[in-house]
file final14.cif (mmCIF, C-alpha atoms)
data_model
#
loop_
_atom_site.group_PDB
_atom_site.id
_atom_site.type_symbol
_atom_site.label_atom_id
_atom_site.label_comp_id
_atom_site.auth_asym_id
_atom_site.auth_seq_id
_atom_site.Cartn_x
_atom_site.Cartn_y
_atom_site.Cartn_z
ATOM 1 C CA MET A 1 -3.347 125.055 128.497
ATOM 2 C CA GLU A 2 0.129 124.917 129.954
ATOM 3 C CA GLU A 3 -0.224 121.221 130.592
ATOM 4 C CA SER A 4 -1.036 120.517 126.947
ATOM 5 C CA GLU A 5 1.921 122.667 125.866
ATOM 6 C CA GLU A 6 4.192 120.712 128.227
ATOM 7 C CA LYS A 7 2.920 117.402 126.801
ATOM 8 C CA GLU A 8 3.495 118.696 123.271
ATOM 9 C CA LEU A 9 7.022 119.851 124.269
ATOM 10 C CA ASP A 10 7.745 116.466 125.903
ATOM 11 C CA ARG A 11 6.540 114.663 122.792
ATOM 12 C CA LYS A 12 8.767 116.840 120.574
ATOM 13 C CA ASN A 13 11.756 116.280 122.896
ATOM 14 C CA LYS A 14 11.197 112.508 122.836
ATOM 15 C CA LYS A 15 10.863 112.590 119.061
ATOM 16 C CA MET A 16 14.105 114.615 118.756
ATOM 17 C CA MET A 17 15.933 112.251 121.153
ATOM 18 C CA LEU A 18 14.778 109.213 119.161
ATOM 19 C CA THR A 19 15.882 110.918 115.941
ATOM 20 C CA ILE A 20 19.326 111.696 117.416
ATOM 21 C CA ILE A 21 19.689 108.154 118.760
ATOM 22 C CA GLY A 22 18.683 106.756 115.371
ATOM 23 C CA LEU A 23 21.233 108.943 113.596
ATOM 24 C CA LEU A 24 23.983 107.936 116.043
ATOM 25 C CA VAL A 25 23.183 104.237 115.617
ATOM 26 C CA GLY A 26 23.170 104.685 111.834
ATOM 27 C CA LEU A 27 26.504 106.512 111.964
ATOM 28 C CA LEU A 28 27.978 103.789 114.148
ATOM 29 C CA VAL A 29 26.843 101.106 111.681
ATOM 30 C CA VAL A 30 28.435 103.027 108.779
ATOM 31 C CA ILE A 31 31.721 103.405 110.695
ATOM 32 C CA VAL A 32 31.824 99.690 111.537
ATOM 33 C CA VAL A 33 31.087 98.686 107.929
ATOM 34 C CA VAL A 34 33.802 101.016 106.558
ATOM 35 C CA ALA A 35 36.297 99.735 109.158
ATOM 36 C CA LEU A 36 35.567 96.114 108.215
ATOM 37 C CA ILE A 37 35.950 96.852 104.512
ATOM 38 C CA LEU A 38 39.268 98.615 105.114
ATOM 39 C CA LEU A 39 40.525 95.806 107.336
ATOM 40 C CA LYS A 40 39.579 93.208 104.727
ATOM 41 C CA THR A 41 41.299 95.243 101.998
ATOM 42 C CA VAL A 42 44.486 95.626 104.050
ATOM 43 C CA LYS A 43 44.590 91.906 104.867
ATOM 44 C CA HIS A 44 43.994 91.033 101.210
ATOM 45 C CA THR A 45 46.742 93.395 100.041
ATOM 46 C CA ASP A 46 49.081 92.086 102.734
ATOM 47 C CA SER A 47 48.515 88.452 101.719
ATOM 48 C CA ASN A 48 49.115 89.300 98.049
ATOM 49 C CA ASN A 49 52.437 90.982 98.852
ATOM 50 C CA ASN A 50 53.553 88.302 101.295
ATOM 51 C CA SER A 51 55.447 86.158 98.783
ATOM 52 C CA ASN A 52 58.138 88.790 98.156
ATOM 53 C CA SER A 53 58.069 90.539 101.501
ATOM 54 C CA VAL A 54 60.892 90.721 103.960
ATOM 55 C CA ILE A 55 60.510 87.940 106.521
ATOM 56 C CA SER A 56 60.529 89.396 109.991
ATOM 57 C CA SER A 57 63.483 88.661 112.185
ATOM 58 C CA ASN A 58 61.451 86.191 114.266
ATOM 59 C CA ILE A 59 63.735 83.478 112.920
ATOM 60 C CA SER A 60 66.189 82.263 115.513
ATOM 61 C CA ILE A 61 69.901 82.472 114.830
ATOM 62 C CA GLY A 62 70.106 78.682 115.023
ATOM 63 C CA SER A 63 67.854 78.330 111.992
ATOM 64 C CA LEU A 64 69.975 80.637 109.817
ATOM 65 C CA SER A 65 72.767 79.774 107.438
ATOM 66 C CA ILE A 66 75.247 82.607 107.078
ATOM 67 C CA VAL A 67 76.726 83.209 103.643
ATOM 68 C CA SER A 68 79.605 85.705 103.565
ATOM 69 C CA LEU A 69 81.059 87.355 100.499
ATOM 70 C CA THR A 70 84.626 86.317 99.776
ATOM 71 C CA SER A 71 85.964 89.894 99.908
ATOM 72 C CA PRO A 72 84.784 93.266 101.220
ATOM 73 C CA ILE A 73 82.677 95.647 99.159
ATOM 74 C CA SER A 74 84.299 98.999 98.362
ATOM 75 C CA THR A 75 82.948 101.771 96.180
ATOM 76 C CA ASN A 76 82.745 105.511 95.761
ATOM 77 C CA LEU A 77 79.671 107.248 97.060
ATOM 78 C CA LEU A 78 77.624 109.846 95.241
ATOM 79 C CA GLN A 79 79.090 113.304 95.755
ATOM 80 C CA GLY A 80 77.128 115.084 98.462
ATOM 81 C CA GLU A 81 76.658 118.572 99.846
ATOM 82 C CA ASP A 82 80.316 118.896 100.805
ATOM 83 C CA ASN A 83 81.455 118.201 97.191
ATOM 84 C CA LYS A 84 84.083 115.782 98.487
ATOM 85 C CA GLU A 85 84.879 112.401 97.001
ATOM 86 C CA ARG A 86 83.800 109.780 99.544
ATOM 87 C CA ALA A 87 84.071 106.005 99.645
ATOM 88 C CA ILE A 88 82.606 103.169 101.644
ATOM 89 C CA ASN A 89 83.986 99.773 102.595
ATOM 90 C CA PHE A 90 82.443 96.854 104.482
ATOM 91 C CA SER A 91 82.115 93.093 104.629
ATOM 92 C CA LEU A 92 78.707 91.661 103.810
ATOM 93 C CA SER A 93 77.069 88.475 105.040
ATOM 94 C CA LEU A 94 73.557 87.217 104.441
ATOM 95 C CA GLY A 95 71.336 85.203 106.749
ATOM 96 C CA ILE A 96 69.339 82.571 104.878
ATOM 97 C CA ALA A 97 66.455 80.803 106.601
ATOM 98 C CA ASN A 98 66.833 77.055 107.005
ATOM 99 C CA THR A 99 63.100 76.666 107.510
ATOM 100 C CA GLU A 100 62.209 75.419 104.042
ATOM 101 C CA LYS A 101 63.504 72.526 101.967
ATOM 102 C CA GLU A 102 64.545 74.891 99.175
ATOM 103 C CA SER A 103 66.936 76.790 101.461
ATOM 104 C CA GLU A 104 69.913 74.629 100.418
ATOM 105 C CA ASP A 105 69.270 75.569 96.792
ATOM 106 C CA ILE A 106 69.080 79.262 97.739
ATOM 107 C CA ILE A 107 72.331 79.026 99.722
ATOM 108 C CA LYS A 108 74.091 77.520 96.689
ATOM 109 C CA LEU A 109 72.470 80.088 94.395
ATOM 110 C CA VAL A 110 73.645 82.989 96.573
ATOM 111 C CA LYS A 111 77.177 81.569 96.899
ATOM 112 C CA ASP A 112 77.418 80.991 93.145
ATOM 113 C CA GLY A 113 75.724 84.325 92.489
ATOM 114 C CA GLU A 114 78.179 86.462 94.476
ATOM 115 C CA PRO A 115 78.677 88.761 91.446
ATOM 116 C CA ILE A 116 74.909 89.391 91.459
ATOM 117 C CA VAL A 117 74.981 90.207 95.188
ATOM 118 C CA ARG A 118 77.882 92.610 94.618
ATOM 119 C CA ASP A 119 76.153 94.265 91.662
ATOM 120 C CA VAL A 120 72.919 94.784 93.616
ATOM 121 C CA VAL A 121 74.749 96.225 96.622
ATOM 122 C CA LEU A 122 77.012 98.448 94.504
ATOM 123 C CA SER A 123 74.051 99.833 92.549
ATOM 124 C CA ILE A 124 72.425 100.838 95.848
ATOM 125 C CA LEU A 125 75.576 102.353 97.327
ATOM 126 C CA ARG A 126 76.487 104.391 94.263
ATOM 127 C CA GLU A 127 73.217 106.303 94.672
ATOM 128 C CA LYS A 128 73.954 107.189 98.327
ATOM 129 C CA THR A 129 75.852 110.157 99.705
ATOM 130 C CA TYR A 130 78.099 110.268 102.735
ATOM 131 C CA GLN A 131 75.550 112.542 104.421
ATOM 132 C CA GLU A 132 72.703 110.047 103.848
ATOM 133 C CA LEU A 133 74.703 107.167 105.277
ATOM 134 C CA SER A 134 75.896 109.227 108.259
ATOM 135 C CA LYS A 135 72.381 109.849 109.602
ATOM 136 C CA VAL A 136 71.059 108.022 112.643
ATOM 137 C CA GLY A 137 69.375 104.797 111.543
ATOM 138 C CA ALA A 138 70.927 104.886 108.076
ATOM 139 C CA GLY A 139 72.634 101.530 108.616
ATOM 140 C CA ASP A 140 69.328 99.780 109.260
ATOM 141 C CA LEU A 141 67.723 101.485 106.267
ATOM 142 C CA LEU A 142 70.646 100.420 104.087
ATOM 143 C CA LYS A 143 70.412 96.817 105.306
ATOM 144 C CA ASN A 144 66.669 96.732 104.632
ATOM 145 C CA GLU A 145 67.138 98.166 101.140
ATOM 146 C CA ILE A 146 69.864 95.632 100.362
ATOM 147 C CA LEU A 147 67.692 92.828 101.732
ATOM 148 C CA THR A 148 64.662 93.801 99.674
ATOM 149 C CA LYS A 149 66.665 94.170 96.449
ATOM 150 C CA LEU A 150 68.434 90.834 96.985
ATOM 151 C CA GLN A 151 65.122 89.089 97.661
ATOM 152 C CA ASP A 152 63.849 90.510 94.369
ATOM 153 C CA ALA A 153 67.043 89.619 92.478
ATOM 154 C CA PHE A 154 67.048 86.012 93.698
ATOM 155 C CA GLY A 155 63.258 85.655 93.692
ATOM 156 C CA THR A 156 63.016 84.447 97.275
ATOM 157 C CA ASN A 157 62.172 85.669 100.729
ATOM 158 C CA LEU A 158 64.417 83.065 102.355
ATOM 159 C CA ILE A 159 67.176 85.680 102.461
ATOM 160 C CA VAL A 160 66.119 87.189 105.785
ATOM 161 C CA LYS A 161 69.033 89.154 107.214
ATOM 162 C CA VAL A 162 71.870 91.371 106.051
ATOM 163 C CA TYR A 163 74.958 91.741 108.214
ATOM 164 C CA LEU A 164 77.507 94.520 107.683
ATOM 165 C CA ASP A 165 80.908 94.217 109.306
ATOM 166 C CA ASP A 166 84.124 96.274 109.271
ATOM 167 C CA PHE A 167 82.010 99.201 108.051
ATOM 168 C CA TYR A 168 83.755 102.479 107.392
ATOM 169 C CA MET A 169 83.410 105.526 105.180
ATOM 170 C CA ILE A 170 86.109 107.992 104.217
#
call {"tool": "encode", "arguments": {"input": "final14.cif", "output": "structure tokens"}}
result
Amino acid sequence: MEESEEKELDRKNKKMMLTIIGLLVGLLVVIVVVALILLKTVKHTDSNNNSNSVISSNISIGSLSIVSLTSPISTNLLQGEDNKERAINFSLSLGIANTEKESEDIIKLVKDGEPIVRDVVLSILREKTYQELSKVGAGDLLKNEILTKLQDAFGTNLIVKVYLDDFYMI
């Protein structure tokens, strides 16, 4: 009688193991399918946003044209926690990719559109406080924000780099 009980127990154990293995395989298939769907969605979203995205800085310096504003940008900053009037001053230059045939048109457009560049930059700066711009990494964030807004304003992603020089705040 014990032998038949052992066989019955072995059969139940095998059945339970097969059930567990089946559930694990099913779970693995579901995870893989969800991961593939998410990956496809991310790639699709990324390709849709690519036309106005910031081009990575993989472009060599030799393939950039540098367009500098004719005079520095100066403006008051938003009053911050210290309730003091603060100002910012810097020179701005833009790196424009020479990798496409339309880059010459963009260079001319940016040079002729210096008032637009100034307006975009000033509208960003007037919403910033001294404390915001004094944080570690704030310069890079500011450059990226300027870059993105200028790409939108000029309708191109050939503007690839923002350079700030003679930067100071008082």
call {"tool": "closest_atom_pairs", "arguments": {"input": "final14.cif", "of": "stretch 85-135 of chain A", "to": "stretch 66-73 of chain A", "cutoff": "12 Å", "atoms": "only C-alpha atoms", "output": "JSON lines"}}
result
{"residue": "A:Ala87", "atom": "CA", "partner": "A:Ile73", "partner_atom": "CA", "distance": 10.5}
{"residue": "A:Ile88", "atom": "CA", "partner": "A:Ile73", "partner_atom": "CA", "distance": 7.9}
{"residue": "A:Asn89", "atom": "CA", "partner": "A:Ile73", "partner_atom": "CA", "distance": 5.5}
{"residue": "A:Phe90", "atom": "CA", "partner": "A:Pro72", "partner_atom": "CA", "distance": 5.4}
{"residue": "A:Ser91", "atom": "CA", "partner": "A:Pro72", "partner_atom": "CA", "distance": 4.3}
{"residue": "A:Leu92", "atom": "CA", "partner": "A:Leu69", "partner_atom": "CA", "distance": 5.9}
{"residue": "A:Ser93", "atom": "CA", "partner": "A:Ser68", "partner_atom": "CA", "distance": 4.0}
{"residue": "A:Leu94", "atom": "CA", "partner": "A:Val67", "partner_atom": "CA", "distance": 5.2}
{"residue": "A:Gly95", "atom": "CA", "partner": "A:Ile66", "partner_atom": "CA", "distance": 4.7}
{"residue": "A:Ile96", "atom": "CA", "partner": "A:Ile66", "partner_atom": "CA", "distance": 6.3}
{"residue": "A:Ala97", "atom": "CA", "partner": "A:Ile66", "partner_atom": "CA", "distance": 9.0}
{"residue": "A:Asn98", "atom": "CA", "partner": "A:Ile66", "partner_atom": "CA", "distance": 10.1}
{"residue": "A:Ser103", "atom": "CA", "partner": "A:Ile66", "partner_atom": "CA", "distance": 11.6}
{"residue": "A:Glu104", "atom": "CA", "partner": "A:Val67", "partner_atom": "CA", "distance": 11.4}
{"residue": "A:Ile106", "atom": "CA", "partner": "A:Val67", "partner_atom": "CA", "distance": 10.4}
{"residue": "A:Ile107", "atom": "CA", "partner": "A:Val67", "partner_atom": "CA", "distance": 7.2}
{"residue": "A:Lys108", "atom": "CA", "partner": "A:Val67", "partner_atom": "CA", "distance": 9.4}
{"residue": "A:Leu109", "atom": "CA", "partner": "A:Val67", "partner_atom": "CA", "distance": 10.6}
{"residue": "A:Val110", "atom": "CA", "partner": "A:Val67", "partner_atom": "CA", "distance": 7.7}
{"residue": "A:Lys111", "atom": "CA", "partner": "A:Val67", "partner_atom": "CA", "distance": 7.0}
{"residue": "A:Asp112", "atom": "CA", "partner": "A:Leu69", "partner_atom": "CA", "distance": 10.4}
{"residue": "A:Gly113", "atom": "CA", "partner": "A:Leu69", "partner_atom": "CA", "distance": 10.1}
{"residue": "A:Glu114", "atom": "CA", "partner": "A:Leu69", "partner_atom": "CA", "distance": 6.7}
{"residue": "A:Pro115", "atom": "CA", "partner": "A:Leu69", "partner_atom": "CA", "distance": 9.5}
{"residue": "A:Ile116", "atom": "CA", "partner": "A:Leu69", "partner_atom": "CA", "distance": 11.1}
{"residue": "A:Val117", "atom": "CA", "partner": "A:Leu69", "partner_atom": "CA", "distance": 8.6}
{"residue": "A:Arg118", "atom": "CA", "partner": "A:Ile73", "partner_atom": "CA", "distance": 7.3}
{"residue": "A:Asp119", "atom": "CA", "partner": "A:Ile73", "partner_atom": "CA", "distance": 10.0}
{"residue": "A:Val120", "atom": "CA", "partner": "A:Ile73", "partner_atom": "CA", "distance": 11.3}
{"residue": "A:Val121", "atom": "CA", "partner": "A:Ile73", "partner_atom": "CA", "distance": 8.3}
{"residue": "A:Leu122", "atom": "CA", "partner": "A:Ile73", "partner_atom": "CA", "distance": 7.8}
{"residue": "A:Ser123", "atom": "CA", "partner": "A:Ile73", "partner_atom": "CA", "distance": 11.6}
{"residue": "A:Ile124", "atom": "CA", "partner": "A:Ile73", "partner_atom": "CA", "distance": 12.0}
{"residue": "A:Leu125", "atom": "CA", "partner": "A:Ile73", "partner_atom": "CA", "distance": 9.9}
{"residue": "A:Arg126", "atom": "CA", "partner": "A:Ile73", "partner_atom": "CA", "distance": 11.8}
call {"tool": "atom_distance", "arguments": {"input": "final14.cif", "atom1": "atom CA of A:Asp82", "atom2": "atom CA of A:Asn144"}}
result
26.3 Å
call {"tool": "axis_aligned_box", "arguments": {"input": "final14.cif", "around": "stretch 114-125 of chain A", "padding_each_side": "8 Å", "output": "AutoDock Vina command-line options"}}
result
--center_x 75.6 --center_y 94.4 --center_z 94.4 --size_x 22.3 --size_y 31.9 --size_z 21.9
call {"tool": "atom_distance", "arguments": {"input": "final14.cif", "atom1": "atom CA of A:Glu85", "atom2": "atom CA of A:Lys149"}}
result
25.8 Å
call {"tool": "closest_residue", "arguments": {"input": "final14.cif", "among": "A:Asp152, A:Glu102, A:Asp10, A:Asp165", "to": "A:Gly139", "atoms": "only C-alpha atoms"}}
result
A:Asp165
call {"tool": "atom_distance", "arguments": {"input": "final14.cif", "atom1": "atom CA of A:Ile170", "atom2": "atom CA of A:Glu132"}}
result
13.6 Å
call {"tool": "resolve_selection", "arguments": {"input": "final14.cif", "expression": "the PyMOL selection byres ((chain A and resi 86) around 9)", "output": "MDAnalysis selection string"}}
result
chainID A and resid 75:80 84:85 87:88 129:130 169:170
